[in-house]
Structures are given as structure tokens and as C-alpha cells.
Amino acid sequence: MEPLNREGDADRPRSAGGKQTGRVIVIGPYLRMRRGDADAQANEAVRDSEARLEEAAGLARAIDLTVADSLIAPISQIRPATYLGKGKVEEILGLIKGHDIELVVMDCALSPIQQRNLEKAWDTKVLDRTGLILEIFGRRAKTKEGSLQVELAHLNYQRSRLVRSWTHLERQRGGFGFMGGPGETQIEADRRLIGDRITRLENELKKVQATRRLHRAGRQRVPYRVVALVGYTNAGKSTLFNRLTRADVQAADMLFATLDPTLRALTLPHGGKAMLSDTVGFISNLPTQLVAAFRATLEEVLEADIILHVRDISHEDAEAQERDVDAVLRQLGIDPDAGARILEVWNKIDRFDPEERDNLRNIAARRPEERPCFLVSAETGEGIETLLTAIEDRLAAFRMTLDLSIDASDGAGISWLHRNAEVLTKELHGERFDMTVRVDETKRDIVVSRFGAVPHAA
């Protein structure tokens, strides 16, 4: 097994306080595909092993860990005790000793027993993919809501791992006289305390969900349609969000740079408004407890009128990433083939030369009409106007076009129309304005009753 990535001590990152962060080794224990294993090939083989390993190393760097070594450890089958075979465990032990490793990151989901056995064999801390993502989420969460969701996911994860996390679990505590009996084991007490905390967190998150429902109800009264960004982490969602809304949400070339959801007003080409929502990025093998914990946040996606699936089309694993995002959408109950509701955005086309860009445009042009895609560069702004026009056209399906005549002296009425409708035409004839407006279906009755509007004559 040849190390694929090495970093010297001189390049070791330091925390804000100047203290050196821990040295880690990242292991990619990927199953070899058997000939004829169609299901495995359909799901796993599409993702390049080296790209998977680099993504895992990127996750480690996202929390300022120094990746001293990273390597692929191909396995023919998963061992119940240690995940890896005995020979691989011993080989990696030599690397750990040789590189003064403080933490081993396994790019897979380990059972509590496997994690404990590997820590004993290597005499060092072991973190699996789920634990690593939870660590990143814990650092990225800034709002109270995000912190609650991360803590809930972490406690659900940790509850099954108490057997390896504590050294006193087999002791028993006696009762306090009135309790009687030999007492409960420490592990039972710890699990009970975690269970109590989980219950409190779930109750607090229910309040968060109730608050979000109130906010959505308020937006529906305005009303603003919601456009949600989804995509693989580091696909450029936050950069696109900033470009579309002129906001300043943190955007960095880093996995999970954005965690907490953000809503901003989106101005459409003809002056209409919508709300644009930026959400947490998805990733392959996203822990199920994170999907469940972040359901309150992801409700913005569930309720969205249009979903923009942002893809880093320049990434070598772009197709595999698309499948991963589709899988998470299905977990949320959203059909990724939901026709007009989902627009695919191929981002980062500025990374291609003109010939490659033309080839991508030809591929996009051959896409089915119900599954269009839009080539953009959130960095340079290329293709943004076309995307905005497409969003406006899709949102127009929720709106009605009406004709009306209003007295030119009715300044309040004209102002209301400009605020609550999309004014398509406005012509002064004598002392009256003849106007054609497009309004959301929820405002139709108001416009008809107040201004005597009638359906637009095509």
C-alpha cells in the first residue's frame, strides 16, 4: 500500500491559538468489486477510489487536522471484528508508529466493536466517516438551531458507543437506601442520561420546526415563492447564492463551509421577487442520523416551489455526486425526477476551455425538455441571466396574468401593484393607466375585487 498523500511537519496547520493540530492517517478500506456484482458496481464502482480517499482527507482537513498519510486498503470482505483483515491491521500499525499518528480516520461506517478493536490494536484514537462528519458539523454550526441538530445527531451516534468511550462502565453503583437493590450499572446510567438529553433536544427542535412553520406561513401571506439550492458539498452553492442575491454568505473551497440555512430575497428579471434558500451540502454516505436531525432545516427544501440542483460539473466524480444527492432527496421524500420542480445547474464551467464548454452545451441541448440543465459559473457570472429567466418562467406557472385599468391619481393602488405583482406593461391613456400584471394565485382575488382586473387576452 503506497501512501497517496504526505505532508511534512513544516506544513502542519495550527489552530487559532498557535497549537499544532493532531497528525492523522486516512484509510480508505474499499471493497473490491467481484465480477458480475451488478448492484455493487451500480452503487460503488461509479466512484473512483482515489477521489473517495481525497474527499475523506478533505473532510479531515476541514477540521484543521494534519493528514500525514492517506492510503487505500482494498478488502475482499468486511471482517466483523476489525473491518480490515489481520494483515492490513498489522501493516497499518507500522505506519502509525512510523509517522507518530495520533488519530486514524477510517472512510467507512464502523460498528462500536470494530472501532474499539481497532483502537486496541493500534493504540490510538479511531474515527469513522460518520464520526468525522459529526465533528465537522459540530464546528460549523453557528445558530442555536444548527447546534441543537448537531448535538442530537452526535448523542444518537455516541449512545451506541458508550462501551468503548468509558473505562468505568462495568462498575455498579449502589442505591441510596430508598432505592434498594444492587443498583444500575454505570453504562445504564450514562445511557439513561443521554436518553434524557435526547428527549429534551427533540422537544426543543419541535419548537424550532413550529417557528419555521410560522415563518413559512408569513412568507405565504406576502407571498414569496421559495427557490432552494441543493447539491453536493463544495459544488459552489454558496457562491451561486451570493451571485444571485448579492449576499455575503461564507463561500470557501472547503467541504461543508456552510452549514446553517440562509434565506435571502431573489430579484427576478422582470422585477418579481422570490426567496432563495441555501442549505447544507450533501455528501456520499451521509449519516442517516444527520438526515433525521437536520430535517427541520431541510424542510425548506421540502416546501420549496423550485429546487436548483447545483453540480460541480468540473469534478471527476460529478456523476457519482449527482447520484448521491438524488439518494438524499429520495430520503427526504422528494422525487429527483420531479419534472418542472427541479432545475439542474452545471456550475464551474469557467474551468473548461472553449472547446470543452461547447461540448457541454451540446450535451445540455440534447437533454429531455422536462429535465433541462443550465451551464453557469457562479464565480464569473456566466449563464446567470439565463438561469434567472428560467426560474422566472417556472414560477410563472404559479401566477396569473391579468389586465386592469386604474386611475392615474391612485398612487397607493399603483404602488401596491408594484409591490405585490409583476407589472408587465403600463401605458397611460388619458387619466388612466392600462396595466398588464402577473400575480400569484393567492393574490388574484384581491386584484380582481379591488381593481376590476380580468384575465389577460392572449
# chains A, B, ... in the order shown; residues from 1 in each chain; ligands from 1
>>> select_by_dssp(residues="segment 215-406 of chain A", states="helix (DSSP H, G or I)", output="MDAnalysis selection string")
chainID A and resid 215:221 237:245 288:293 295:302 318:331 339:341 349:351 354:365 384:398
>>> atom_distance(atom1="atom CA of Asn285 of chain A", atom2="atom CA of Asp190 of chain A")
28.5 Å
>>> atom_distance(atom1="atom CA of Glu202 of chain A", atom2="atom CA of Arg140 of chain A")
20.3 Å
>>> atom_distance(atom1="atom CA of Ser49 of chain A", atom2="atom CA of Glu135 of chain A")
23.3 Å
>>> residues_around(residues="Ile342 of chain A", least_positions_apart="2", cutoff="6 Å", atoms="only C-alpha atoms", output="tab-separated table (two decimals) with N, CA and C atoms, in the first residue's frame")
chain	number	residue	atom	x	y	z
A	306	ILE	N	-39.35	25.57	-6.27
A	306	ILE	CA	-38.35	25.16	-7.26
A	306	ILE	C	-37.08	24.75	-6.51
A	307	ILE	N	-36.47	23.66	-6.94
A	307	ILE	CA	-35.22	23.19	-6.36
A	307	ILE	C	-34.13	23.28	-7.42
A	308	LEU	N	-33.07	24.00	-7.12
A	308	LEU	CA	-31.91	24.08	-8.01
A	308	LEU	C	-30.87	23.07	-7.54
A	340	ALA	N	-40.78	19.62	-13.65
A	340	ALA	CA	-40.62	21.07	-13.64
A	340	ALA	C	-40.13	21.62	-12.32
>>> closest_residue(among="A:Arg225, A:Arg116, A:Leu84, A:Glu319", to="Ala396 of chain A", atoms="only C-alpha atoms")
A:Arg225
>>> residues_around(residues="segment 441-455 of chain A", least_positions_apart="5", cutoff="10 Å", atoms="only C-alpha atoms", output="PyMOL selection string")
chain A and resi 220-223+397-407+413+416-417+420-421+435-436
>>> write_last_selection(atoms="N, CA, C and O atoms", output="mmCIF file, in the first residue's frame")
data_model
loop_
_atom_site.group_PDB
_atom_site.id
_atom_site.type_symbol
_atom_site.label_atom_id
_atom_site.label_comp_id
_atom_site.auth_asym_id
_atom_site.auth_seq_id
_atom_site.Cartn_x
_atom_site.Cartn_y
_atom_site.Cartn_z
ATOM 1 N N GLN A 220 -45.953 32.973 2.899
ATOM 2 C CA GLN A 220 -47.056 32.639 2.014
ATOM 3 C C GLN A 220 -48.097 33.749 1.987
ATOM 4 O O GLN A 220 -48.800 33.926 0.998
ATOM 5 N N ARG A 221 -48.199 34.510 3.082
ATOM 6 C CA ARG A 221 -49.144 35.620 3.093
ATOM 7 C C ARG A 221 -48.624 36.794 2.268
ATOM 8 O O ARG A 221 -49.398 37.622 1.803
ATOM 9 N N VAL A 222 -47.269 36.884 2.125
ATOM 10 C CA VAL A 222 -46.729 38.037 1.392
ATOM 11 C C VAL A 222 -47.188 38.099 -0.071
ATOM 12 O O VAL A 222 -47.654 39.166 -0.486
ATOM 13 N N PRO A 223 -47.150 36.986 -0.868
ATOM 14 C CA PRO A 223 -46.427 35.744 -0.641
ATOM 15 C C PRO A 223 -45.163 35.751 -1.489
ATOM 16 O O PRO A 223 -45.114 36.408 -2.512
ATOM 17 N N ALA A 397 -45.721 29.700 -13.628
ATOM 18 C CA ALA A 397 -46.781 28.686 -13.620
ATOM 19 C C ALA A 397 -47.683 28.842 -12.403
ATOM 20 O O ALA A 397 -48.827 28.383 -12.403
ATOM 21 N N PHE A 398 -47.143 29.480 -11.341
ATOM 22 C CA PHE A 398 -47.934 29.707 -10.137
ATOM 23 C C PHE A 398 -48.679 31.038 -10.195
ATOM 24 O O PHE A 398 -49.358 31.410 -9.243
ATOM 25 N N ARG A 399 -48.542 31.779 -11.306
ATOM 26 C CA ARG A 399 -49.088 33.118 -11.378
ATOM 27 C C ARG A 399 -50.107 33.251 -12.513
ATOM 28 O O ARG A 399 -50.095 32.465 -13.455
ATOM 29 N N MET A 400 -50.940 34.268 -12.379
ATOM 30 C CA MET A 400 -51.964 34.538 -13.379
ATOM 31 C C MET A 400 -51.716 35.923 -13.975
ATOM 32 O O MET A 400 -51.341 36.851 -13.254
ATOM 33 N N THR A 401 -51.948 36.036 -15.280
ATOM 34 C CA THR A 401 -51.777 37.326 -15.960
ATOM 35 C C THR A 401 -53.144 38.006 -16.095
ATOM 36 O O THR A 401 -54.099 37.398 -16.590
ATOM 37 N N LEU A 402 -53.206 39.243 -15.610
ATOM 38 C CA LEU A 402 -54.465 39.984 -15.579
ATOM 39 C C LEU A 402 -54.300 41.352 -16.232
ATOM 40 O O LEU A 402 -53.218 41.950 -16.181
ATOM 41 N N ASP A 403 -55.398 41.841 -16.835
ATOM 42 C CA ASP A 403 -55.441 43.197 -17.383
ATOM 43 C C ASP A 403 -56.322 44.062 -16.479
ATOM 44 O O ASP A 403 -57.349 43.590 -15.963
ATOM 45 N N LEU A 404 -55.920 45.324 -16.290
ATOM 46 C CA LEU A 404 -56.733 46.221 -15.470
ATOM 47 C C LEU A 404 -56.505 47.661 -15.901
ATOM 48 O O LEU A 404 -55.509 47.981 -16.569
ATOM 49 N N SER A 405 -57.447 48.528 -15.498
ATOM 50 C CA SER A 405 -57.323 49.961 -15.742
ATOM 51 C C SER A 405 -57.466 50.671 -14.402
ATOM 52 O O SER A 405 -58.392 50.380 -13.632
ATOM 53 N N ILE A 406 -56.540 51.587 -14.103
ATOM 54 C CA ILE A 406 -56.528 52.243 -12.801
ATOM 55 C C ILE A 406 -56.331 53.747 -12.990
ATOM 56 O O ILE A 406 -55.577 54.190 -13.876
ATOM 57 N N ASP A 407 -57.022 54.513 -12.176
ATOM 58 C CA ASP A 407 -56.910 55.968 -12.234
ATOM 59 C C ASP A 407 -55.471 56.384 -11.938
ATOM 60 O O ASP A 407 -54.864 55.909 -10.976
ATOM 61 N N GLY A 413 -52.759 52.632 -4.949
ATOM 62 C CA GLY A 413 -53.077 51.400 -5.664
ATOM 63 C C GLY A 413 -51.964 50.991 -6.608
ATOM 64 O O GLY A 413 -51.597 49.818 -6.699
ATOM 65 N N TRP A 416 -49.129 49.618 -4.619
ATOM 66 C CA TRP A 416 -49.436 48.263 -4.132
ATOM 67 C C TRP A 416 -49.203 47.239 -5.233
ATOM 68 O O TRP A 416 -48.647 46.158 -4.995
ATOM 69 N N LEU A 417 -49.621 47.556 -6.449
ATOM 70 C CA LEU A 417 -49.429 46.627 -7.556
ATOM 71 C C LEU A 417 -47.946 46.381 -7.822
ATOM 72 O O LEU A 417 -47.527 45.244 -8.089
ATOM 73 N N ASN A 420 -46.688 44.032 -5.023
ATOM 74 C CA ASN A 420 -47.286 42.714 -4.863
ATOM 75 C C ASN A 420 -47.521 41.962 -6.163
ATOM 76 O O ASN A 420 -47.998 40.835 -6.128
ATOM 77 N N ALA A 421 -47.201 42.580 -7.275
ATOM 78 C CA ALA A 421 -47.404 41.923 -8.561
ATOM 79 C C ALA A 421 -46.232 42.244 -9.479
ATOM 80 O O ALA A 421 -45.439 43.150 -9.222
ATOM 81 N N MET A 435 -52.879 48.513 -17.462
ATOM 82 C CA MET A 435 -51.758 47.697 -16.977
ATOM 83 C C MET A 435 -52.023 46.209 -17.213
ATOM 84 O O MET A 435 -53.175 45.755 -17.162
ATOM 85 N N THR A 436 -50.957 45.514 -17.500
ATOM 86 C CA THR A 436 -50.985 44.043 -17.511
ATOM 87 C C THR A 436 -50.042 43.587 -16.408
ATOM 88 O O THR A 436 -48.858 43.976 -16.401
#
>>> residues_around(residues="segment 109-112 of chain A", least_positions_apart="2", cutoff="9 Å", atoms="only C-alpha atoms", output="ChimeraX atom specification")
/A:80-83,106-107,114-117,127-131,160-164,285,287
>>> residues_around(residues="Ser70 of chain A", least_positions_apart="5", cutoff="12 Å", atoms="only C-alpha atoms", output="MDAnalysis selection string")
chainID A and resid 1:7 23:29 49:58 60:61 92 95:96 99 101 104:107
>>> closest_residue(among="A:Lys125, A:His315, A:Lys348, A:Arg192", to="Ser377 of chain A", atoms="only C-alpha atoms")
A:Lys348
>>> residues_around(residues="Arg323 of chain A", least_positions_apart="3", cutoff="10 Å", atoms="only C-alpha atoms", output="VMD selection string")
chain A and resid 43 46 232 284 318 to 320 326 to 329 336
>>> closest_residue(among="A:Leu240, A:Ala390, A:Leu152, A:Ile414", to="Arg341 of chain A", atoms="only C-alpha atoms")
A:Ala390
